[in-house]
$ cat input-v8.json   # JSON, N, CA and C atoms
[["chain", "number", "residue", "atom", "x", "y", "z"],
["A", 1, "MET", "N", 96.38, 64.69, -148.36],
["A", 1, "MET", "CA", 96.62, 63.27, -148.33],
["A", 1, "MET", "C", 95.52, 62.56, -149.10],
["A", 2, "ASP", "N", 95.91, 61.60, -149.93],
["A", 2, "ASP", "CA", 94.97, 60.86, -150.76],
["A", 2, "ASP", "C", 94.34, 59.74, -149.93],
["A", 3, "SER", "N", 93.01, 59.74, -149.79],
["A", 3, "SER", "CA", 92.32, 58.70, -149.04],
["A", 3, "SER", "C", 91.98, 57.55, -149.96],
["A", 4, "SER", "N", 92.44, 56.36, -149.60],
["A", 4, "SER", "CA", 92.21, 55.17, -150.40],
["A", 4, "SER", "C", 91.32, 54.20, -149.65],
["A", 5, "HIS", "N", 90.51, 53.52, -150.39],
["A", 5, "HIS", "CA", 89.56, 52.56, -149.86],
["A", 5, "HIS", "C", 89.94, 51.19, -150.41],
["A", 6, "ILE", "N", 90.22, 50.22, -149.55],
["A", 6, "ILE", "CA", 90.57, 48.87, -149.99],
["A", 6, "ILE", "C", 89.46, 47.92, -149.62],
["A", 7, "ASN", "N", 88.96, 47.20, -150.62],
["A", 7, "ASN", "CA", 87.94, 46.17, -150.42],
["A", 7, "ASN", "C", 88.51, 44.81, -150.79],
["A", 8, "VAL", "N", 88.24, 43.83, -149.98],
["A", 8, "VAL", "CA", 88.62, 42.45, -150.24],
["A", 8, "VAL", "C", 87.32, 41.66, -150.35],
["A", 9, "THR", "N", 87.15, 40.96, -151.46],
["A", 9, "THR", "CA", 85.91, 40.24, -151.71],
["A", 9, "THR", "C", 86.18, 38.79, -152.08],
["A", 10, "SER", "N", 85.66, 37.87, -151.29],
["A", 10, "SER", "CA", 85.76, 36.43, -151.54],
["A", 10, "SER", "C", 87.18, 35.99, -151.87],
["A", 11, "LEU", "N", 88.16, 36.56, -151.19],
["A", 11, "LEU", "CA", 89.56, 36.30, -151.48],
["A", 11, "LEU", "C", 89.97, 34.91, -151.03],
["A", 12, "ARG", "N", 90.58, 34.17, -151.97],
["A", 12, "ARG", "CA", 91.09, 32.83, -151.68],
["A", 12, "ARG", "C", 92.53, 32.75, -152.16],
["A", 13, "PHE", "N", 93.37, 32.11, -151.34],
["A", 13, "PHE", "CA", 94.76, 31.92, -151.71],
["A", 13, "PHE", "C", 95.31, 30.73, -150.97],
["A", 14, "GLY", "N", 96.20, 30.00, -151.64],
["A", 14, "GLY", "CA", 96.88, 28.89, -151.01],
["A", 14, "GLY", "C", 98.24, 28.67, -151.63],
["A", 15, "TYR", "N", 99.07, 27.99, -150.91],
["A", 15, "TYR", "CA", 100.39, 27.60, -151.41],
["A", 15, "TYR", "C", 100.29, 26.13, -151.78],
["A", 16, "GLY", "N", 100.30, 25.84, -153.09],
["A", 16, "GLY", "CA", 100.12, 24.46, -153.53],
["A", 16, "GLY", "C", 98.74, 23.97, -153.14],
["A", 17, "GLU", "N", 98.69, 22.85, -152.47],
["A", 17, "GLU", "CA", 97.41, 22.27, -152.03],
["A", 17, "GLU", "C", 96.98, 22.76, -150.65],
["A", 18, "SER", "N", 97.77, 23.66, -150.05],
["A", 18, "SER", "CA", 97.47, 24.12, -148.70],
["A", 18, "SER", "C", 96.76, 25.47, -148.73],
["A", 19, "PRO", "N", 95.44, 25.50, -148.46],
["A", 19, "PRO", "CA", 94.73, 26.78, -148.44],
["A", 19, "PRO", "C", 95.17, 27.62, -147.25],
["A", 20, "VAL", "N", 95.28, 28.93, -147.49],
["A", 20, "VAL", "CA", 95.66, 29.86, -146.42],
["A", 20, "VAL", "C", 94.48, 30.79, -146.13],
["A", 21, "LEU", "N", 93.93, 31.41, -147.15],
["A", 21, "LEU", "CA", 92.76, 32.28, -147.01],
["A", 21, "LEU", "C", 91.61, 31.66, -147.79],
["A", 22, "ARG", "N", 90.45, 31.60, -147.16],
["A", 22, "ARG", "CA", 89.29, 30.94, -147.76],
["A", 22, "ARG", "C", 88.09, 31.87, -147.75],
["A", 23, "GLY", "N", 87.86, 32.59, -148.84],
["A", 23, "GLY", "CA", 86.66, 33.42, -148.94],
["A", 23, "GLY", "C", 86.65, 34.62, -148.02],
["A", 24, "LEU", "N", 87.78, 35.30, -147.90],
["A", 24, "LEU", "CA", 87.90, 36.45, -147.01],
["A", 24, "LEU", "C", 87.21, 37.68, -147.59],
["A", 25, "ASP", "N", 86.38, 38.33, -146.77],
["A", 25, "ASP", "CA", 85.72, 39.59, -147.12],
["A", 25, "ASP", "C", 86.05, 40.61, -146.03],
["A", 26, "LEU", "N", 86.58, 41.77, -146.43],
["A", 26, "LEU", "CA", 86.82, 42.84, -145.46],
["A", 26, "LEU", "C", 87.00, 44.16, -146.19],
["A", 27, "THR", "N", 86.91, 45.23, -145.41],
["A", 27, "THR", "CA", 87.07, 46.57, -145.96],
["A", 27, "THR", "C", 87.99, 47.37, -145.06],
["A", 28, "PHE", "N", 88.94, 48.06, -145.68],
["A", 28, "PHE", "CA", 89.80, 49.00, -144.97],
["A", 28, "PHE", "C", 89.30, 50.40, -145.33],
["A", 29, "GLU", "N", 88.72, 51.08, -144.36],
["A", 29, "GLU", "CA", 88.16, 52.40, -144.59],
["A", 29, "GLU", "C", 89.25, 53.47, -144.59],
["A", 30, "PRO", "N", 89.09, 54.51, -145.40],
["A", 30, "PRO", "CA", 90.07, 55.59, -145.41],
["A", 30, "PRO", "C", 90.16, 56.29, -144.06],
["A", 31, "GLU", "N", 91.34, 56.80, -143.77],
["A", 31, "GLU", "CA", 91.60, 57.63, -142.60],
["A", 31, "GLU", "C", 91.41, 56.93, -141.27],
["A", 32, "LEU", "N", 91.38, 55.59, -141.27],
["A", 32, "LEU", "CA", 91.31, 54.82, -140.03],
["A", 32, "LEU", "C", 92.56, 53.96, -139.92],
["A", 33, "LEU", "N", 92.96, 53.68, -138.71],
["A", 33, "LEU", "CA", 94.09, 52.79, -138.47],
["A", 33, "LEU", "C", 93.56, 51.38, -138.32],
["A", 34, "HIS", "N", 94.13, 50.44, -139.10],
["A", 34, "HIS", "CA", 93.69, 49.06, -139.06],
["A", 34, "HIS", "C", 94.84, 48.17, -138.63],
["A", 35, "GLY", "N", 94.54, 47.12, -137.91],
["A", 35, "GLY", "CA", 95.53, 46.14, -137.49],
["A", 35, "GLY", "C", 95.15, 44.76, -137.99],
["A", 36, "ILE", "N", 96.15, 43.98, -138.33],
["A", 36, "ILE", "CA", 95.93, 42.59, -138.73],
["A", 36, "ILE", "C", 96.67, 41.75, -137.69],
["A", 37, "VAL", "N", 95.92, 41.03, -136.88],
["A", 37, "VAL", "CA", 96.50, 40.27, -135.79],
["A", 37, "VAL", "C", 96.06, 38.82, -135.87],
["A", 38, "GLY", "N", 96.88, 37.94, -135.31],
["A", 38, "GLY", "CA", 96.55, 36.53, -135.26],
["A", 38, "GLY", "C", 97.78, 35.71, -134.98],
["A", 39, "PRO", "N", 97.59, 34.42, -134.76],
["A", 39, "PRO", "CA", 98.73, 33.55, -134.44],
["A", 39, "PRO", "C", 99.62, 33.31, -135.67],
["A", 40, "ASN", "N", 100.82, 32.80, -135.40],
["A", 40, "ASN", "CA", 101.73, 32.45, -136.49],
["A", 40, "ASN", "C", 101.05, 31.49, -137.45],
["A", 41, "GLY", "N", 101.26, 31.72, -138.74],
["A", 41, "GLY", "CA", 100.75, 30.82, -139.76],
["A", 41, "GLY", "C", 99.30, 30.97, -140.12],
["A", 42, "CYS", "N", 98.64, 32.05, -139.66],
["A", 42, "CYS", "CA", 97.20, 32.20, -139.95],
["A", 42, "CYS", "C", 96.92, 32.96, -141.25],
["A", 43, "GLY", "N", 97.98, 33.54, -141.89],
["A", 43, "GLY", "CA", 97.76, 34.20, -143.17],
["A", 43, "GLY", "C", 97.94, 35.71, -143.16],
["A", 44, "LYS", "N", 98.45, 36.28, -142.09],
["A", 44, "LYS", "CA", 98.62, 37.74, -142.02],
["A", 44, "LYS", "C", 99.57, 38.25, -143.11],
["A", 45, "SER", "N", 100.74, 37.64, -143.22],
["A", 45, "SER", "CA", 101.72, 38.07, -144.23],
["A", 45, "SER", "C", 101.22, 37.77, -145.63],
["A", 46, "THR", "N", 100.52, 36.67, -145.79],
["A", 46, "THR", "CA", 99.93, 36.34, -147.09],
["A", 46, "THR", "C", 98.92, 37.40, -147.49],
["A", 47, "LEU", "N", 98.08, 37.82, -146.57],
["A", 47, "LEU", "CA", 97.11, 38.88, -146.85],
["A", 47, "LEU", "C", 97.82, 40.16, -147.28],
["A", 48, "LEU", "N", 98.88, 40.54, -146.57],
["A", 48, "LEU", "CA", 99.63, 41.74, -146.94],
["A", 48, "LEU", "C", 100.25, 41.60, -148.33],
["A", 49, "GLY", "N", 100.74, 40.41, -148.65],
["A", 49, "GLY", "CA", 101.28, 40.16, -149.99],
["A", 49, "GLY", "C", 100.22, 40.33, -151.07],
["A", 50, "LEU", "N", 99.00, 39.88, -150.79],
["A", 50, "LEU", "CA", 97.90, 40.04, -151.74],
["A", 50, "LEU", "C", 97.48, 41.50, -151.87],
["A", 51, "LEU", "N", 97.43, 42.22, -150.75],
["A", 51, "LEU", "CA", 97.03, 43.62, -150.78],
["A", 51, "LEU", "C", 98.06, 44.51, -151.47],
["A", 52, "SER", "N", 99.33, 44.10, -151.41],
["A", 52, "SER", "CA", 100.39, 44.91, -152.03],
["A", 52, "SER", "C", 100.66, 44.53, -153.48],
["A", 53, "GLY", "N", 99.99, 43.50, -153.97],
["A", 53, "GLY", "CA", 100.21, 43.08, -155.35],
["A", 53, "GLY", "C", 101.39, 42.14, -155.54],
["A", 54, "HIS", "N", 102.05, 41.74, -154.46],
["A", 54, "HIS", "CA", 103.18, 40.81, -154.56],
["A", 54, "HIS", "C", 102.71, 39.39, -154.81],
["A", 55, "LEU", "N", 101.47, 39.08, -154.44],
["A", 55, "LEU", "CA", 100.86, 37.78, -154.68],
["A", 55, "LEU", "C", 99.56, 37.99, -155.44],
["A", 56, "ALA", "N", 99.17, 37.00, -156.22],
["A", 56, "ALA", "CA", 97.89, 37.05, -156.94],
["A", 56, "ALA", "C", 96.93, 36.05, -156.30],
["A", 57, "PRO", "N", 95.69, 36.43, -156.07],
["A", 57, "PRO", "CA", 94.74, 35.50, -155.44],
["A", 57, "PRO", "C", 94.39, 34.34, -156.36],
["A", 58, "ASN", "N", 94.00, 33.21, -155.74],
["A", 58, "ASN", "CA", 93.48, 32.09, -156.52],
["A", 58, "ASN", "C", 92.09, 32.42, -157.04],
["A", 59, "SER", "N", 91.32, 33.14, -156.24],
["A", 59, "SER", "CA", 90.01, 33.65, -156.67],
["A", 59, "SER", "C", 89.63, 34.80, -155.77],
["A", 60, "GLY", "N", 88.59, 35.51, -156.16],
["A", 60, "GLY", "CA", 88.19, 36.72, -155.45],
["A", 60, "GLY", "C", 89.11, 37.86, -155.83],
["A", 61, "GLN", "N", 89.01, 38.97, -155.11],
["A", 61, "GLN", "CA", 89.88, 40.10, -155.44],
["A", 61, "GLN", "C", 90.09, 41.03, -154.27],
["A", 62, "ALA", "N", 91.20, 41.74, -154.35],
["A", 62, "ALA", "CA", 91.49, 42.87, -153.48],
["A", 62, "ALA", "C", 91.50, 44.08, -154.41],
["A", 63, "ALA", "N", 90.77, 45.12, -154.06],
["A", 63, "ALA", "CA", 90.64, 46.30, -154.93],
["A", 63, "ALA", "C", 90.98, 47.56, -154.16],
["A", 64, "LEU", "N", 91.69, 48.44, -154.82],
["A", 64, "LEU", "CA", 92.04, 49.75, -154.29],
["A", 64, "LEU", "C", 91.20, 50.77, -155.04],
["A", 65, "ASP", "N", 90.31, 51.44, -154.34],
["A", 65, "ASP", "CA", 89.38, 52.38, -154.96],
["A", 65, "ASP", "C", 88.64, 51.75, -156.14],
["A", 66, "SER", "N", 88.13, 50.56, -155.91],
["A", 66, "SER", "CA", 87.31, 49.79, -156.86],
["A", 66, "SER", "C", 88.07, 49.23, -158.06],
["A", 67, "VAL", "N", 89.39, 49.38, -158.11],
["A", 67, "VAL", "CA", 90.20, 48.83, -159.19],
["A", 67, "VAL", "C", 90.97, 47.64, -158.62],
["A", 68, "PRO", "N", 90.83, 46.43, -159.20],
["A", 68, "PRO", "CA", 91.59, 45.29, -158.70],
["A", 68, "PRO", "C", 93.08, 45.62, -158.64],
["A", 69, "ILE", "N", 93.71, 45.28, -157.53],
["A", 69, "ILE", "CA", 95.12, 45.62, -157.33],
["A", 69, "ILE", "C", 95.99, 45.05, -158.44],
["A", 70, "GLY", "N", 95.66, 43.87, -158.94],
["A", 70, "GLY", "CA", 96.43, 43.26, -160.03],
["A", 70, "GLY", "C", 96.37, 44.02, -161.33],
["A", 71, "GLU", "N", 95.42, 44.94, -161.49],
["A", 71, "GLU", "CA", 95.30, 45.72, -162.72],
["A", 71, "GLU", "C", 96.10, 47.02, -162.69],
["A", 72, "TYR", "N", 96.62, 47.39, -161.52],
["A", 72, "TYR", "CA", 97.42, 48.61, -161.43],
["A", 72, "TYR", "C", 98.80, 48.37, -162.02],
["A", 73, "PRO", "N", 99.31, 49.29, -162.83],
["A", 73, "PRO", "CA", 100.73, 49.20, -163.21],
["A", 73, "PRO", "C", 101.57, 49.37, -161.94],
["A", 74, "ALA", "N", 102.69, 48.67, -161.85],
["A", 74, "ALA", "CA", 103.52, 48.68, -160.64],
["A", 74, "ALA", "C", 103.89, 50.09, -160.21],
["A", 75, "SER", "N", 104.22, 50.96, -161.16],
["A", 75, "SER", "CA", 104.63, 52.32, -160.80],
["A", 75, "SER", "C", 103.48, 53.11, -160.19],
["A", 76, "ARG", "N", 102.28, 52.92, -160.68],
["A", 76, "ARG", "CA", 101.11, 53.64, -160.13],
["A", 76, "ARG", "C", 100.74, 53.09, -158.76],
["A", 77, "LEU", "N", 100.80, 51.77, -158.61],
["A", 77, "LEU", "CA", 100.48, 51.15, -157.33],
["A", 77, "LEU", "C", 101.48, 51.59, -156.26],
["A", 78, "ALA", "N", 102.75, 51.70, -156.63],
["A", 78, "ALA", "CA", 103.79, 52.11, -155.68],
["A", 78, "ALA", "C", 103.57, 53.52, -155.16],
["A", 79, "ARG", "N", 102.90, 54.36, -155.94],
["A", 79, "ARG", "CA", 102.60, 55.72, -155.47],
["A", 79, "ARG", "C", 101.40, 55.74, -154.52],
["A", 80, "ARG", "N", 100.64, 54.64, -154.50],
["A", 80, "ARG", "CA", 99.42, 54.59, -153.68],
["A", 80, "ARG", "C", 99.58, 53.83, -152.38],
["A", 81, "LEU", "N", 100.43, 52.79, -152.39],
["A", 81, "LEU", "CA", 100.61, 52.00, -151.18],
["A", 81, "LEU", "C", 101.99, 51.35, -151.16],
["A", 82, "ALA", "N", 102.40, 50.92, -149.98],
["A", 82, "ALA", "CA", 103.71, 50.29, -149.83],
["A", 82, "ALA", "C", 103.65, 49.25, -148.72],
["A", 83, "LEU", "N", 104.55, 48.31, -148.80],
["A", 83, "LEU", "CA", 104.67, 47.27, -147.78],
["A", 83, "LEU", "C", 106.13, 47.23, -147.35],
["A", 84, "VAL", "N", 106.35, 47.33, -146.06],
["A", 84, "VAL", "CA", 107.70, 47.24, -145.50],
["A", 84, "VAL", "C", 107.79, 45.91, -144.77],
["A", 85, "GLU", "N", 108.63, 45.02, -145.28],
["A", 85, "GLU", "CA", 108.79, 43.69, -144.69],
["A", 85, "GLU", "C", 109.51, 43.80, -143.35],
["A", 86, "GLN", "N", 109.14, 42.93, -142.41],
["A", 86, "GLN", "CA", 109.81, 42.89, -141.12],
["A", 86, "GLN", "C", 111.24, 42.39, -141.30],
["A", 87, "ILE", "N", 111.39, 41.36, -142.13],
["A", 87, "ILE", "CA", 112.71, 40.84, -142.47],
["A", 87, "ILE", "C", 112.87, 40.99, -143.98],
["A", 88, "PRO", "N", 113.76, 41.90, -144.43],
["A", 88, "PRO", "CA", 113.92, 42.13, -145.87],
["A", 88, "PRO", "C", 114.33, 40.87, -146.61],
["A", 89, "VAL", "N", 113.78, 40.70, -147.80],
["A", 89, "VAL", "CA", 114.13, 39.58, -148.67],
["A", 89, "VAL", "C", 115.27, 40.04, -149.56],
["A", 90, "ALA", "N", 116.34, 39.26, -149.60],
["A", 90, "ALA", "CA", 117.51, 39.63, -150.41],
["A", 90, "ALA", "C", 117.31, 39.30, -151.87]]

$ encode --input "input-v8.json" --output "structure tokens"
Amino acid sequence: MDSSHINVTSLRFGYGESPVLRGLDLTFEPELLHGIVGPNGCGKSTLLGLLSGHLAPNSGQAALDSVPIGEYPASRLARRLALVEQIPVA
């Protein structure tokens, strides 16, 4: 199994004028189980969208093994990580 290390550094994102994530820093260590918890509307799904490459940050970065997620070709990123939506988007 390929162990991947995800780092989030000074990540900022918002929808229009509404900030959702403001300067988020965190690390997902390989071979550990991580949970993202919080109340509705706090940015959990937005964070997952940024980590999966479906959204681009306003500033800062999310990196997979030190490579910014936005720099991965879609086919290579899909072999490394996946996101399963709770409610599929048609």

$ select_by_dssp --input "input-v8.json" --residues "chain A" --states "strand (DSSP E)" --output "list in words"
Ile6, Asn7, Val8, Thr9, Ser10, Leu11, Arg12, Phe13, Gly14, Tyr15, Ser18, Pro19, Val20, Leu21, Arg22, Gly23, Leu24, Asp25, Leu26, Thr27, Phe28, Ser59, Gly60, Gln61, Ala62, Ala63, Leu64, Val67 and Pro68 of chain A

$ write_last_selection --input "input-v8.json" --atoms "N, CA and C atoms" --output "short mmCIF file (atom, residue, chain, number, x, y, z; two decimals), in the coordinates of the input"
data_model
loop_
_atom_site.label_atom_id
_atom_site.label_comp_id
_atom_site.auth_asym_id
_atom_site.auth_seq_id
_atom_site.Cartn_x
_atom_site.Cartn_y
_atom_site.Cartn_z
N ILE A 6 90.22 50.22 -149.55
CA ILE A 6 90.57 48.87 -149.99
C ILE A 6 89.46 47.92 -149.62
N ASN A 7 88.96 47.20 -150.62
CA ASN A 7 87.94 46.17 -150.42
C ASN A 7 88.51 44.81 -150.79
N VAL A 8 88.24 43.83 -149.98
CA VAL A 8 88.62 42.45 -150.24
C VAL A 8 87.32 41.66 -150.35
N THR A 9 87.15 40.96 -151.46
CA THR A 9 85.91 40.24 -151.71
C THR A 9 86.18 38.79 -152.08
N SER A 10 85.66 37.87 -151.29
CA SER A 10 85.76 36.43 -151.54
C SER A 10 87.18 35.99 -151.87
N LEU A 11 88.16 36.56 -151.19
CA LEU A 11 89.56 36.30 -151.48
C LEU A 11 89.97 34.91 -151.03
N ARG A 12 90.58 34.17 -151.97
CA ARG A 12 91.09 32.83 -151.68
C ARG A 12 92.53 32.75 -152.16
N PHE A 13 93.37 32.11 -151.34
CA PHE A 13 94.76 31.92 -151.71
C PHE A 13 95.31 30.73 -150.97
N GLY A 14 96.20 30.00 -151.64
CA GLY A 14 96.88 28.89 -151.01
C GLY A 14 98.24 28.67 -151.63
N TYR A 15 99.07 27.99 -150.91
CA TYR A 15 100.39 27.60 -151.41
C TYR A 15 100.29 26.13 -151.78
N SER A 18 97.77 23.66 -150.05
CA SER A 18 97.47 24.12 -148.70
C SER A 18 96.76 25.47 -148.73
N PRO A 19 95.44 25.50 -148.46
CA PRO A 19 94.73 26.78 -148.44
C PRO A 19 95.17 27.62 -147.25
N VAL A 20 95.28 28.93 -147.49
CA VAL A 20 95.66 29.86 -146.42
C VAL A 20 94.48 30.79 -146.13
N LEU A 21 93.93 31.41 -147.15
CA LEU A 21 92.76 32.28 -147.01
C LEU A 21 91.61 31.66 -147.79
N ARG A 22 90.45 31.60 -147.16
CA ARG A 22 89.29 30.94 -147.76
C ARG A 22 88.09 31.87 -147.75
N GLY A 23 87.86 32.59 -148.84
CA GLY A 23 86.66 33.42 -148.94
C GLY A 23 86.65 34.62 -148.02
N LEU A 24 87.78 35.30 -147.90
CA LEU A 24 87.90 36.45 -147.01
C LEU A 24 87.21 37.68 -147.59
N ASP A 25 86.38 38.33 -146.77
CA ASP A 25 85.72 39.59 -147.12
C ASP A 25 86.05 40.61 -146.03
N LEU A 26 86.58 41.77 -146.43
CA LEU A 26 86.82 42.84 -145.46
C LEU A 26 87.00 44.16 -146.19
N THR A 27 86.91 45.23 -145.41
CA THR A 27 87.07 46.57 -145.96
C THR A 27 87.99 47.37 -145.06
N PHE A 28 88.94 48.06 -145.68
CA PHE A 28 89.80 49.00 -144.97
C PHE A 28 89.30 50.40 -145.33
N SER A 59 91.32 33.14 -156.24
CA SER A 59 90.01 33.65 -156.67
C SER A 59 89.63 34.80 -155.77
N GLY A 60 88.59 35.51 -156.16
CA GLY A 60 88.19 36.72 -155.45
C GLY A 60 89.11 37.86 -155.83
N GLN A 61 89.01 38.97 -155.11
CA GLN A 61 89.88 40.10 -155.44
C GLN A 61 90.09 41.03 -154.27
N ALA A 62 91.20 41.74 -154.35
CA ALA A 62 91.49 42.87 -153.48
C ALA A 62 91.50 44.08 -154.41
N ALA A 63 90.77 45.12 -154.06
CA ALA A 63 90.64 46.30 -154.93
C ALA A 63 90.98 47.56 -154.16
N LEU A 64 91.69 48.44 -154.82
CA LEU A 64 92.04 49.75 -154.29
C LEU A 64 91.20 50.77 -155.04
N VAL A 67 89.39 49.38 -158.11
CA VAL A 67 90.20 48.83 -159.19
C VAL A 67 90.97 47.64 -158.62
N PRO A 68 90.83 46.43 -159.20
CA PRO A 68 91.59 45.29 -158.70
C PRO A 68 93.08 45.62 -158.64
#

$ atom_distance --input "input-v8.json" --atom1 "CA of Ser18 (chain A)" --atom2 "CA of Leu50 (chain A)"
16.2 Å

$ residues_around --input "input-v8.json" --residues "Gln61 (chain A)" --least-positions-apart "3" --cutoff "9 Å" --atoms "only C-alpha atoms" --output "mmCIF file with N, CA and C atoms, in the coordinates of the input"
data_model
loop_
_atom_site.group_PDB
_atom_site.id
_atom_site.type_symbol
_atom_site.label_atom_id
_atom_site.label_comp_id
_atom_site.auth_asym_id
_atom_site.auth_seq_id
_atom_site.Cartn_x
_atom_site.Cartn_y
_atom_site.Cartn_z
ATOM 1 N N ASN A 7 88.960 47.200 -150.620
ATOM 2 C CA ASN A 7 87.940 46.170 -150.420
ATOM 3 C C ASN A 7 88.510 44.810 -150.790
ATOM 4 N N VAL A 8 88.240 43.830 -149.980
ATOM 5 C CA VAL A 8 88.620 42.450 -150.240
ATOM 6 C C VAL A 8 87.320 41.660 -150.350
ATOM 7 N N THR A 9 87.150 40.960 -151.460
ATOM 8 C CA THR A 9 85.910 40.240 -151.710
ATOM 9 C C THR A 9 86.180 38.790 -152.080
ATOM 10 N N SER A 10 85.660 37.870 -151.290
ATOM 11 C CA SER A 10 85.760 36.430 -151.540
ATOM 12 C C SER A 10 87.180 35.990 -151.870
ATOM 13 N N LEU A 11 88.160 36.560 -151.190
ATOM 14 C CA LEU A 11 89.560 36.300 -151.480
ATOM 15 C C LEU A 11 89.970 34.910 -151.030
ATOM 16 N N ARG A 12 90.580 34.170 -151.970
ATOM 17 C CA ARG A 12 91.090 32.830 -151.680
ATOM 18 C C ARG A 12 92.530 32.750 -152.160
ATOM 19 N N LEU A 50 99.000 39.880 -150.790
ATOM 20 C CA LEU A 50 97.900 40.040 -151.740
ATOM 21 C C LEU A 50 97.480 41.500 -151.870
ATOM 22 N N ALA A 56 99.170 37.000 -156.220
ATOM 23 C CA ALA A 56 97.890 37.050 -156.940
ATOM 24 C C ALA A 56 96.930 36.050 -156.300
ATOM 25 N N PRO A 57 95.690 36.430 -156.070
ATOM 26 C CA PRO A 57 94.740 35.500 -155.440
ATOM 27 C C PRO A 57 94.390 34.340 -156.360
ATOM 28 N N ASN A 58 94.000 33.210 -155.740
ATOM 29 C CA ASN A 58 93.480 32.090 -156.520
ATOM 30 C C ASN A 58 92.090 32.420 -157.040
ATOM 31 N N PRO A 68 90.830 46.430 -159.200
ATOM 32 C CA PRO A 68 91.590 45.290 -158.700
ATOM 33 C C PRO A 68 93.080 45.620 -158.640
ATOM 34 N N ILE A 69 93.710 45.280 -157.530
ATOM 35 C CA ILE A 69 95.120 45.620 -157.330
ATOM 36 C C ILE A 69 95.990 45.050 -158.440
ATOM 37 N N GLY A 70 95.660 43.870 -158.940
ATOM 38 C CA GLY A 70 96.430 43.260 -160.030
ATOM 39 C C GLY A 70 96.370 44.020 -161.330
#

$ residues_around --input "input-v8.json" --residues "Glu71 (chain A)" --least-positions-apart "3" --cutoff "12 Å" --atoms "only C-alpha atoms" --output "list in words"
Ser52, Gly53, Ala56, Gln61, Ala62, Ala63, Leu64, Asp65, Ser66, Val67, Pro68, Ala74, Ser75, Arg76 and Leu77 of chain A

$ atom_distance --input "input-v8.json" --atom1 "CA of Glu31 (chain A)" --atom2 "CA of Leu55 (chain A)"
25.0 Å
